[in-house]
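Next comes entry-v4.cif, a file with mmCIF, C-alpha atoms.
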data_model
#
loop_
_atom_site.label_atom_id
_atom_site.label_comp_id
_atom_site.auth_asym_id
_atom_site.auth_seq_id
_atom_site.Cartn_x
_atom_site.Cartn_y
_atom_site.Cartn_z
CA MET A 1 -9.32 0.68 -8.65
CA HIS A 2 -8.76 3.29 -5.94
CA GLU A 3 -9.58 6.27 -8.15
CA MET A 4 -12.80 6.92 -6.24
CA SER A 5 -11.02 7.33 -2.91
CA ILE A 6 -8.41 9.54 -4.55
CA ALA A 7 -11.17 11.65 -6.15
CA LEU A 8 -12.85 11.99 -2.73
CA GLU A 9 -9.59 13.14 -1.19
CA ILE A 10 -9.07 15.66 -4.02
CA CYS A 11 -12.58 17.03 -3.39
CA ARG A 12 -11.89 17.23 0.35
CA ILE A 13 -8.72 19.27 -0.20
CA ALA A 14 -10.44 21.44 -2.81
CA ALA A 15 -13.48 22.10 -0.60
CA GLU A 16 -11.18 23.07 2.27
CA ARG A 17 -9.34 25.58 0.08
CA VAL A 18 -12.54 26.97 -1.38
CA GLY A 19 -13.88 27.44 2.15
CA GLN A 20 -10.71 29.24 3.29
CA ASP A 21 -10.83 31.44 0.24
CA ARG A 22 -14.61 32.12 0.38
CA ALA A 23 -14.72 31.60 -3.38
CA PRO A 24 -18.30 31.16 -4.56
CA THR A 25 -17.86 29.03 -7.66
CA VAL A 26 -15.16 26.60 -8.73
CA ARG A 27 -14.80 26.36 -12.49
CA ALA A 28 -11.88 23.94 -12.72
CA VAL A 29 -9.77 21.64 -10.55
CA GLY A 30 -6.21 21.30 -11.85
CA LEU A 31 -4.27 18.13 -11.13
CA ASP A 32 -0.75 16.92 -11.80
CA LEU A 33 -0.81 13.17 -12.32
CA GLY A 34 2.37 11.16 -12.73
CA GLN A 35 2.34 8.35 -15.26
CA GLU A 36 3.67 6.00 -12.58
CA ALA A 37 1.30 7.15 -9.84
CA GLY A 38 -0.78 3.99 -10.24
CA VAL A 39 -3.86 6.06 -11.07
CA ASP A 40 -5.84 5.68 -14.28
CA PRO A 41 -6.52 9.18 -15.66
CA ASP A 42 -9.79 8.24 -17.38
CA SER A 43 -11.16 6.57 -14.29
CA LEU A 44 -10.09 9.49 -12.11
CA ARG A 45 -11.75 11.94 -14.53
CA LEU A 46 -14.96 9.91 -14.43
CA TRP A 47 -15.11 9.98 -10.61
CA LEU A 48 -14.26 13.66 -10.50
CA ASP A 49 -17.03 14.42 -13.01
CA VAL A 50 -19.46 12.67 -10.68
CA LEU A 51 -18.20 14.23 -7.44
CA LEU A 52 -17.69 17.74 -8.83
CA ALA A 53 -21.31 17.88 -10.00
CA ASP A 54 -22.41 18.53 -6.41
CA PRO A 55 -21.97 21.60 -4.17
CA PRO A 56 -19.71 23.32 -3.44
CA PHE A 57 -18.43 22.62 -6.94
CA HIS A 58 -21.45 23.03 -9.25
CA GLY A 59 -19.98 21.13 -12.18
CA ALA A 60 -16.34 22.18 -11.99
CA ARG A 61 -14.17 20.64 -14.67
CA PRO A 62 -11.24 18.37 -13.84
CA GLU A 63 -8.08 19.41 -15.71
CA ILE A 64 -5.56 16.59 -15.52
CA SER A 65 -1.97 17.22 -16.65
CA LEU A 66 0.05 14.06 -17.15
CA ARG A 67 3.58 14.26 -15.77
CA PRO A 68 6.53 11.89 -15.51
CA GLY A 69 7.14 10.05 -12.23
CA ASP A 70 4.67 9.23 -9.48
CA THR A 71 3.45 12.71 -8.54
CA LEU A 72 -0.20 13.16 -7.56
CA LYS A 73 -0.98 16.73 -6.68
CA LEU A 74 -3.89 19.13 -6.58
CA SER A 75 -2.18 21.93 -8.43
CA TYR A 76 -4.71 24.78 -8.72
CA LEU A 77 -8.35 25.76 -8.57
CA THR A 78 -9.91 28.13 -11.07
CA VAL A 79 -12.68 30.07 -9.33
CA ASP A 80 -15.26 32.64 -10.41
CA ASP A 81 -16.01 35.35 -7.86
CA ASP A 82 -19.23 36.34 -9.60
CA GLY A 83 -20.99 33.15 -8.55
CA PRO A 84 -22.62 30.35 -10.46
CA MET B 85 -16.99 37.82 -14.45
CA THR B 86 -13.91 37.59 -12.22
CA VAL B 87 -12.15 34.35 -12.85
CA ARG B 88 -8.97 33.73 -10.92
CA THR B 89 -6.67 30.88 -10.04
CA ILE B 90 -5.94 29.68 -6.53
CA ASP B 91 -2.55 28.05 -6.27
CA VAL B 92 -2.92 24.89 -4.18
CA ARG B 93 0.00 22.54 -4.91
CA GLU B 94 -1.02 20.04 -2.27
CA ARG B 95 -0.07 16.39 -2.56
CA VAL B 96 -3.20 14.26 -2.61
CA MET B 97 -1.52 11.66 -0.40
CA ALA B 98 -0.38 14.25 2.15
CA ARG B 99 -2.93 13.29 4.80
CA ASN B 100 -2.20 9.56 4.48
CA ASP B 101 1.51 10.31 4.71
CA GLU B 102 0.98 12.33 7.91
CA LEU B 103 -0.93 9.41 9.43
CA ALA B 104 1.80 7.01 8.25
CA ALA B 105 4.43 9.18 9.92
CA GLU B 106 2.45 8.93 13.17
CA VAL B 107 2.28 5.11 12.84
CA ARG B 108 6.03 5.04 12.19
CA ARG B 109 6.65 7.19 15.24
CA ARG B 110 4.55 4.90 17.47
CA LEU B 111 6.26 1.76 16.15
CA GLY B 112 9.68 3.36 16.55
CA ALA B 113 8.94 4.43 20.13
CA ALA B 114 7.90 0.86 21.00
CA GLY B 115 10.85 -0.69 19.15
CA VAL B 116 8.65 -2.65 16.74
CA THR B 117 9.81 -3.66 13.26
CA ALA B 118 6.86 -3.70 10.85
CA PHE B 119 6.72 -5.43 7.48
CA ASN B 120 3.96 -4.70 4.97
CA LEU B 121 3.38 -7.90 2.95
CA VAL B 122 2.12 -7.15 -0.55
CA SER B 123 1.41 -9.46 -3.49
CA SER B 124 -1.15 -10.59 -6.04
CA PRO B 125 -4.00 -12.68 -4.64
CA GLY B 126 -2.95 -16.30 -4.14
CA SER B 127 0.82 -15.87 -3.92
CA GLY B 128 0.91 -17.43 -0.45
CA LYS B 129 1.09 -14.48 1.95
CA THR B 130 -1.19 -16.15 4.48
CA ALA B 131 0.56 -19.53 4.18
CA LEU B 132 3.94 -17.85 4.64
CA LEU B 133 2.64 -16.06 7.73
CA GLU B 134 1.18 -19.30 9.12
CA ARG B 135 4.57 -21.01 8.88
CA THR B 136 6.30 -17.94 10.28
CA LEU B 137 3.93 -17.74 13.26
CA GLU B 138 4.33 -21.47 13.96
CA ALA B 139 8.10 -21.16 14.02
CA LEU B 140 8.69 -17.69 15.45
CA GLY B 141 5.39 -16.32 16.79
CA GLU B 142 6.40 -16.68 20.44
CA GLU B 143 10.13 -16.20 20.01
CA LEU B 144 9.82 -12.86 18.22
CA ASP B 145 6.56 -11.63 19.83
CA ILE B 146 4.87 -11.34 16.45
CA ALA B 147 1.58 -9.51 15.96
CA VAL B 148 -0.35 -9.44 12.69
CA VAL B 149 -2.77 -7.01 11.09
CA THR B 150 -4.59 -8.56 8.19
CA GLY B 151 -6.62 -6.97 5.39
CA ASP B 152 -9.21 -9.43 4.13
CA VAL B 153 -11.63 -7.81 1.75
CA GLN B 154 -14.89 -9.73 2.19
CA THR B 155 -14.24 -12.44 4.77
CA HIS B 156 -12.36 -13.16 7.97
CA ASN B 157 -10.79 -16.25 6.39
CA ASP B 158 -7.17 -15.07 6.61
CA ALA B 159 -7.59 -13.84 10.19
CA ASP B 160 -9.23 -17.16 11.14
CA ARG B 161 -6.38 -19.13 9.57
CA LEU B 162 -3.74 -17.03 11.31
CA ALA B 163 -5.54 -17.16 14.65
CA ARG B 164 -4.92 -20.92 14.75
CA HIS B 165 -1.18 -20.27 14.85
CA THR B 166 -0.87 -17.46 17.35
CA SER B 167 -2.17 -16.62 20.77
CA ARG B 168 -1.41 -13.00 19.96
CA LEU B 169 -4.23 -10.77 18.89
CA VAL B 170 -4.93 -10.74 15.18
CA GLN B 171 -6.67 -7.52 14.39
CA ALA B 172 -8.60 -7.91 11.16
CA VAL B 173 -9.12 -4.80 9.11
CA VAL B 174 -11.90 -5.75 6.74
CA THR B 175 -11.81 -3.30 3.91
CA GLY B 176 -15.26 -3.99 2.46
CA GLY B 177 -14.31 -4.02 -1.20
CA GLY B 178 -11.33 -1.69 -0.80
CA CYS B 179 -8.24 -2.39 -2.85
CA HIS B 180 -5.56 -1.47 -0.29
CA LEU B 181 -4.99 -0.65 3.36
CA ASP B 182 -4.32 2.94 4.35
CA ALA B 183 -2.42 4.46 7.25
CA ARG B 184 -5.59 5.42 9.13
CA GLN B 185 -6.66 1.75 9.30
CA ILE B 186 -3.24 0.74 10.60
CA GLY B 187 -3.32 3.50 13.21
CA THR B 188 -6.67 2.15 14.43
CA ALA B 189 -5.38 -1.45 14.42
CA LEU B 190 -2.36 -0.44 16.51
CA ASP B 191 -4.73 0.77 19.26
CA ALA B 192 -5.75 -2.87 19.77
CA ILE B 193 -2.20 -4.27 19.83
CA ASP B 194 0.04 -4.29 22.88
CA LEU B 195 3.02 -2.69 21.18
CA ALA B 196 5.20 -2.93 24.28
CA ALA B 197 4.87 -6.74 24.03
CA THR B 198 5.53 -6.81 20.27
CA ARG B 199 8.86 -6.99 18.47
CA LEU B 200 7.72 -7.80 14.96
CA LEU B 201 4.50 -6.74 13.25
CA PHE B 202 3.28 -8.11 9.94
CA ILE B 203 0.69 -6.21 7.96
CA GLU B 204 -0.93 -8.53 5.44
CA ASN B 205 -2.15 -6.15 2.78
CA VAL B 206 -4.98 -6.75 0.31
CA GLY B 207 -3.84 -9.00 -2.57
CA ASN B 208 -3.15 -6.43 -5.28
CA LEU B 209 0.11 -5.32 -6.91
CA VAL B 210 -1.12 -1.88 -7.95
CA CYS B 211 -2.88 0.12 -5.24
CA PRO B 212 -0.97 -0.87 -2.07
CA ALA B 213 2.23 0.50 -3.66
CA ALA B 214 0.88 4.04 -3.36
CA TRP B 215 -0.11 3.94 0.33
CA ASP B 216 2.59 4.32 2.94
CA LEU B 217 1.39 2.53 6.08
CA GLY B 218 4.26 3.61 8.32
CA GLU B 219 5.97 0.23 7.89
CA THR B 220 9.69 -0.42 8.20
CA ALA B 221 9.71 -2.00 4.73
CA LYS B 222 7.45 -3.54 2.12
CA ILE B 223 8.03 -7.18 1.26
CA VAL B 224 6.62 -8.34 -2.07
CA VAL B 225 5.61 -12.01 -2.26
CA PHE B 226 5.71 -13.42 -5.77
CA ALA B 227 4.83 -17.04 -6.61
CA VAL B 228 6.51 -19.08 -9.34
CA THR B 229 3.04 -19.86 -10.71
CA GLU B 230 2.81 -16.22 -11.78
CA GLY B 231 4.46 -14.69 -14.85
CA GLU B 232 8.21 -14.07 -14.72
CA ASP B 233 7.53 -10.56 -15.96
CA LYS B 234 5.45 -9.46 -12.95
CA PRO B 235 8.21 -7.00 -11.91
CA LEU B 236 8.07 -5.33 -15.32
CA LYS B 237 4.27 -5.17 -15.27
CA TYR B 238 4.09 -3.73 -11.76
CA PRO B 239 7.31 -1.72 -11.52
CA ARG B 240 6.17 0.65 -8.81
CA MET B 241 5.50 -2.17 -6.37
CA PHE B 242 8.90 -3.76 -7.03
CA ARG B 243 10.55 -0.36 -6.66
CA GLU B 244 8.78 0.32 -3.35
CA ALA B 245 9.65 -3.09 -1.90
CA ARG B 246 12.96 -3.72 -0.13
CA TYR B 247 12.63 -7.52 -0.09
CA ALA B 248 11.04 -10.12 -2.36
CA VAL B 249 9.92 -13.59 -1.36
CA LEU B 250 9.72 -15.95 -4.35
CA ASN B 251 7.27 -18.50 -3.04
CA LYS B 252 5.97 -21.92 -4.13
CA ILE B 253 9.43 -23.00 -5.33
CA ASP B 254 8.37 -26.64 -4.79
CA LEU B 255 6.37 -26.18 -8.02
CA LEU B 256 9.38 -25.13 -10.12
CA PRO B 257 9.70 -28.56 -11.82
CA TYR B 258 6.10 -28.32 -13.03
CA VAL B 259 5.80 -24.74 -14.27
CA PRO B 260 7.58 -22.87 -17.07
CA PHE B 261 9.13 -20.32 -14.73
CA ASN B 262 12.74 -19.26 -15.11
CA LEU B 263 14.00 -18.11 -11.73
CA ASP B 264 17.02 -16.24 -13.11
CA ARG B 265 14.90 -14.36 -15.61
CA ALA B 266 12.35 -13.36 -12.97
CA MET B 267 15.05 -12.19 -10.56
CA GLY B 268 16.78 -10.36 -13.40
CA PHE B 269 13.56 -8.47 -14.24
CA ALA B 270 13.08 -7.57 -10.59
CA ARG B 271 16.68 -6.31 -10.30
CA GLU B 272 16.23 -4.24 -13.47
CA ILE B 273 13.50 -2.37 -11.62
CA ASN B 274 15.16 -2.38 -8.20
CA PRO B 275 18.84 -3.38 -8.07
CA ALA B 276 18.84 -3.33 -4.24
CA LEU B 277 16.02 -5.86 -3.87
CA GLU B 278 16.94 -8.81 -1.61
CA PHE B 279 15.42 -12.22 -2.36
CA PHE B 280 14.22 -15.19 -0.38
CA LEU B 281 13.31 -18.39 -2.20
CA THR B 282 10.70 -20.30 -0.25
CA SER B 283 7.99 -22.90 -0.28
CA ALA B 284 5.53 -22.21 2.51
CA LEU B 285 4.07 -25.64 1.75
CA THR B 286 7.16 -27.87 2.05
CA GLY B 287 9.21 -25.52 4.23
CA GLU B 288 12.05 -25.33 1.71
CA GLY B 289 14.02 -22.10 2.06
CA LEU B 290 12.21 -21.00 5.20
CA GLU B 291 15.33 -21.22 7.38
CA SER B 292 16.97 -18.24 5.69
CA TRP B 293 13.68 -16.32 5.89
CA PHE B 294 13.47 -17.07 9.60
CA ALA B 295 17.11 -16.09 10.15
CA PHE B 296 16.42 -12.80 8.40
CA LEU B 297 13.40 -12.12 10.64
CA ARG B 298 15.41 -12.93 13.77
CA GLY B 299 17.91 -10.32 12.69
CA GLN B 300 15.22 -7.73 11.93
CA ALA B 301 12.91 -8.05 14.95
CA GLY B 302 13.06 -5.22 17.46
CA THR B 303 14.92 -5.93 20.67
CA ARG B 304 12.94 -7.04 23.70
CA PRO B 305 12.95 -4.28 26.30
CA ALA B 306 14.96 -5.16 29.42
CA SER B 307 12.57 -6.19 32.18
#
Entire entry expressed as structure tokens:
Amino acid sequence: MHEMSIALEICRIAAERVGQDRAPTVRAVGLDLGQEAGVDPDSLRLWLDVLLADPPFHGARPEISLRPGDTLKLSYLTVDDDGP
Amino acid sequence: MTVRTIDVRERVMARNDELAAEVRRRLGAAGVTAFNLVSSPGSGKTALLERTLEALGEELDIAVVTGDVQTHNDADRLARHTSRLVQAVVTGGGCHLDARQIGTALDAIDLAATRLLFIENVGNLVCPAAWDLGETAKIVVFAVTEGEDKPLKYPRMFREARYAVLNKIDLLPYVPFNLDRAMGFAREINPALEFFLTSALTGEGLESWFAFLRGQAGTRPAS
């Protein structure tokens, strides 16, 4: 139910990091998602697909790794310095 | 093509948790005990609060923040039982309250004149478990008209809660609900959970709930 607001927060953190790093293109957004985090992975992926279609992401791919426990972490960003 | 990986490792809830820590600091500085009431829709959170405000609203200087989704109905009901400000946080379709909303609500509450704060969360046993609001403890309200296995279906909420109110016990003769089984399931998930058995309608069991609240409320500052 709250996957959209979580996806927005993930994009906010990612955009902040991309800005700090001056990376031109994000290829992938890596997430650690605990099975007890109360977040549905399919729903989260759907919202991320929608939100990552727009700048500064240009269609970056969400990569969700399921973990035990209730972790919910933006783990890494894969970026391409040669632009879109 | 130069593809590289930026290590981020940032918790998605980090910002909410920072705001929750600030709420907790403000409540602590003012000596306010805050309970976050969570439950499914219809378990009797508002009715329990109405009875609590009637009995203890003045005595314990209770303030309430309520999280109606589409209406002001809960706030209107509660306003009949307290002269204290009821700050409604209408979440417009949201499924939970977050720490930012509570921080904003606190701006409108005279914390120095408050000893006990109730936050009535949105009726939902999933999402509110993940959002720390800066409360002293979560209290899960669970009605005997629900399934006995609610704790097993929503383990995170029962793990996060420190207290459980089993409400609507006046209906026990009419519903196939086994109290021992339900409490056993809840203790499987959270052995430290403390229970109150109440009927907000008939008043049964409310005395021990009230005694608990008297013991938990912050102390009135010496004037």
message = Taking only C-alpha atoms into account and nothing else, which residues of chain A lie no more than 6 Å away from chain B? Please answer as a list in words.
response =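 Taking only C-alpha atoms into account, Leu72, Lys73, Leu74, Ser75, Tyr76, Leu77, Thr78, Val79, Asp80, Asp81 and Asp82 of chain A sit within 6 Å of chain B.
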Suppose we keep C-alpha atoms; can you now write the selection as a short mmCIF file (atom, residue, chain, number, x, y, z; two decimals), in the coordinates of the input?
data_model
loop_
_atom_site.label_atom_id
_atom_site.label_comp_id
_atom_site.auth_asym_id
_atom_site.auth_seq_id
_atom_site.Cartn_x
_atom_site.Cartn_y
_atom_site.Cartn_z
CA LEU A 72 -0.20 13.16 -7.56
CA LYS A 73 -0.98 16.73 -6.68
CA LEU A 74 -3.89 19.13 -6.58
CA SER A 75 -2.18 21.93 -8.43
CA TYR A 76 -4.71 24.78 -8.72
CA LEU A 77 -8.35 25.76 -8.57
CA THR A 78 -9.91 28.13 -11.07
CA VAL A 79 -12.68 30.07 -9.33
CA ASP A 80 -15.26 32.64 -10.41
CA ASP A 81 -16.01 35.35 -7.86
CA ASP A 82 -19.23 36.34 -9.60
#
Result set, the PyMOL selection byres ((chain A and resi 34-50) around 6) on current file, as a PDB file with C-alpha atoms, keeping the file's coordinate frame:
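Full text of expr35.pdb as output:
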ATOM      1  CA  GLU A   3      -9.580   6.270  -8.150  1.00  0.00           C
ATOM      2  CA  MET A   4     -12.800   6.920  -6.240  1.00  0.00           C
ATOM      3  CA  ALA A   7     -11.170  11.650  -6.150  1.00  0.00           C
ATOM      4  CA  LEU A  33      -0.810  13.170 -12.320  1.00  0.00           C
ATOM      5  CA  LEU A  51     -18.200  14.230  -7.440  1.00  0.00           C
ATOM      6  CA  LEU A  52     -17.690  17.740  -8.830  1.00  0.00           C
ATOM      7  CA  ALA A  53     -21.310  17.880 -10.000  1.00  0.00           C
ATOM      8  CA  LEU A  66       0.050  14.060 -17.150  1.00  0.00           C
ATOM      9  CA  ARG A  67       3.580  14.260 -15.770  1.00  0.00           C
ATOM     10  CA  PRO A  68       6.530  11.890 -15.510  1.00  0.00           C
ATOM     11  CA  GLY A  69       7.140  10.050 -12.230  1.00  0.00           C
ATOM     12  CA  ASP A  70       4.670   9.230  -9.480  1.00  0.00           C
ATOM     13  CA  THR A  71       3.450  12.710  -8.540  1.00  0.00           C
TER      14      THR A  71
END
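Put simply, the PyMOL selection byres ((chain B and resi 236) around 9) on this file hits Glu232, Asp233, Lys234, Pro235, Lys237, Tyr238, Pro239, Phe242, Phe269, Ala270, Glu272 and Ile273 of chain B.
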As a check of understanding, name the residues that the PyMOL selection byres ((chain B and resi 280-286) around 12) selects in the supplied structure, as an mmCIF file with C-alpha atoms, in the frame of the given file.
data_model
loop_
_atom_site.group_PDB
_atom_site.id
_atom_site.type_symbol
_atom_site.label_atom_id
_atom_site.label_comp_id
_atom_site.auth_asym_id
_atom_site.auth_seq_id
_atom_site.Cartn_x
_atom_site.Cartn_y
_atom_site.Cartn_z
ATOM 1 C CA SER B 127 0.820 -15.870 -3.920
ATOM 2 C CA GLY B 128 0.910 -17.430 -0.450
ATOM 3 C CA LYS B 129 1.090 -14.480 1.950
ATOM 4 C CA THR B 130 -1.190 -16.150 4.480
ATOM 5 C CA ALA B 131 0.560 -19.530 4.180
ATOM 6 C CA LEU B 132 3.940 -17.850 4.640
ATOM 7 C CA LEU B 133 2.640 -16.060 7.730
ATOM 8 C CA GLU B 134 1.180 -19.300 9.120
ATOM 9 C CA ARG B 135 4.570 -21.010 8.880
ATOM 10 C CA THR B 136 6.300 -17.940 10.280
ATOM 11 C CA LEU B 137 3.930 -17.740 13.260
ATOM 12 C CA GLU B 138 4.330 -21.470 13.960
ATOM 13 C CA ALA B 139 8.100 -21.160 14.020
ATOM 14 C CA ILE B 223 8.030 -7.180 1.260
ATOM 15 C CA VAL B 224 6.620 -8.340 -2.070
ATOM 16 C CA VAL B 225 5.610 -12.010 -2.260
ATOM 17 C CA PHE B 226 5.710 -13.420 -5.770
ATOM 18 C CA ALA B 227 4.830 -17.040 -6.610
ATOM 19 C CA VAL B 228 6.510 -19.080 -9.340
ATOM 20 C CA THR B 229 3.040 -19.860 -10.710
ATOM 21 C CA ARG B 246 12.960 -3.720 -0.130
ATOM 22 C CA TYR B 247 12.630 -7.520 -0.090
ATOM 23 C CA ALA B 248 11.040 -10.120 -2.360
ATOM 24 C CA VAL B 249 9.920 -13.590 -1.360
ATOM 25 C CA LEU B 250 9.720 -15.950 -4.350
ATOM 26 C CA ASN B 251 7.270 -18.500 -3.040
ATOM 27 C CA LYS B 252 5.970 -21.920 -4.130
ATOM 28 C CA ILE B 253 9.430 -23.000 -5.330
ATOM 29 C CA ASP B 254 8.370 -26.640 -4.790
ATOM 30 C CA LEU B 255 6.370 -26.180 -8.020
ATOM 31 C CA LEU B 256 9.380 -25.130 -10.120
ATOM 32 C CA LEU B 263 14.000 -18.110 -11.730
ATOM 33 C CA ASP B 264 17.020 -16.240 -13.110
ATOM 34 C CA ALA B 266 12.350 -13.360 -12.970
ATOM 35 C CA MET B 267 15.050 -12.190 -10.560
ATOM 36 C CA LEU B 277 16.020 -5.860 -3.870
ATOM 37 C CA GLU B 278 16.940 -8.810 -1.610
ATOM 38 C CA PHE B 279 15.420 -12.220 -2.360
ATOM 39 C CA GLY B 287 9.210 -25.520 4.230
ATOM 40 C CA GLU B 288 12.050 -25.330 1.710
ATOM 41 C CA GLY B 289 14.020 -22.100 2.060
ATOM 42 C CA LEU B 290 12.210 -21.000 5.200
ATOM 43 C CA GLU B 291 15.330 -21.220 7.380
ATOM 44 C CA SER B 292 16.970 -18.240 5.690
ATOM 45 C CA TRP B 293 13.680 -16.320 5.890
ATOM 46 C CA PHE B 294 13.470 -17.070 9.600
ATOM 47 C CA ALA B 295 17.110 -16.090 10.150
ATOM 48 C CA PHE B 296 16.420 -12.800 8.400
ATOM 49 C CA LEU B 297 13.400 -12.120 10.640
#
inquiry  = At a cut-off of 10 Å, using all atoms listed in the file, what residues contact segment 143-154 of chain B? Leave out same-chain residues fewer than 3 positions from it and give the result as a PyMOL selection string.
reply    = chain B and resi 116-121+130+133+136-140+157-159+162-163+166-181+185-186+189-190+193-207+297-298+300-304
request  = Find the residues near Ala105 of chain B: any atom within 10 Å, counting only C-alpha atoms, skip ones fewer than 3 places away on the same chain, and give them as a VMD selection string.
outcome  = chain B and resid 99 to 102 108 to 111 183 216 to 219
inquiry  = Just to confirm, what's the straight-line distance from atom CA of Val122 of chain B to atom CA of Trp215 of chain B in Å (one decimal)?
reply    =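 Separating atom CA of Val122 of chain B from atom CA of Trp215 of chain B is a distance of 11.3 Å.
In this model, the gap between atom CA of Lys222 of chain B and atom CA of Thr188 of chain B comes to 19.6 Å.
The gap separating atom CA of Arg243 of chain B from atom CA of Gly231 of chain B is 17.6 Å, in Å to one decimal.
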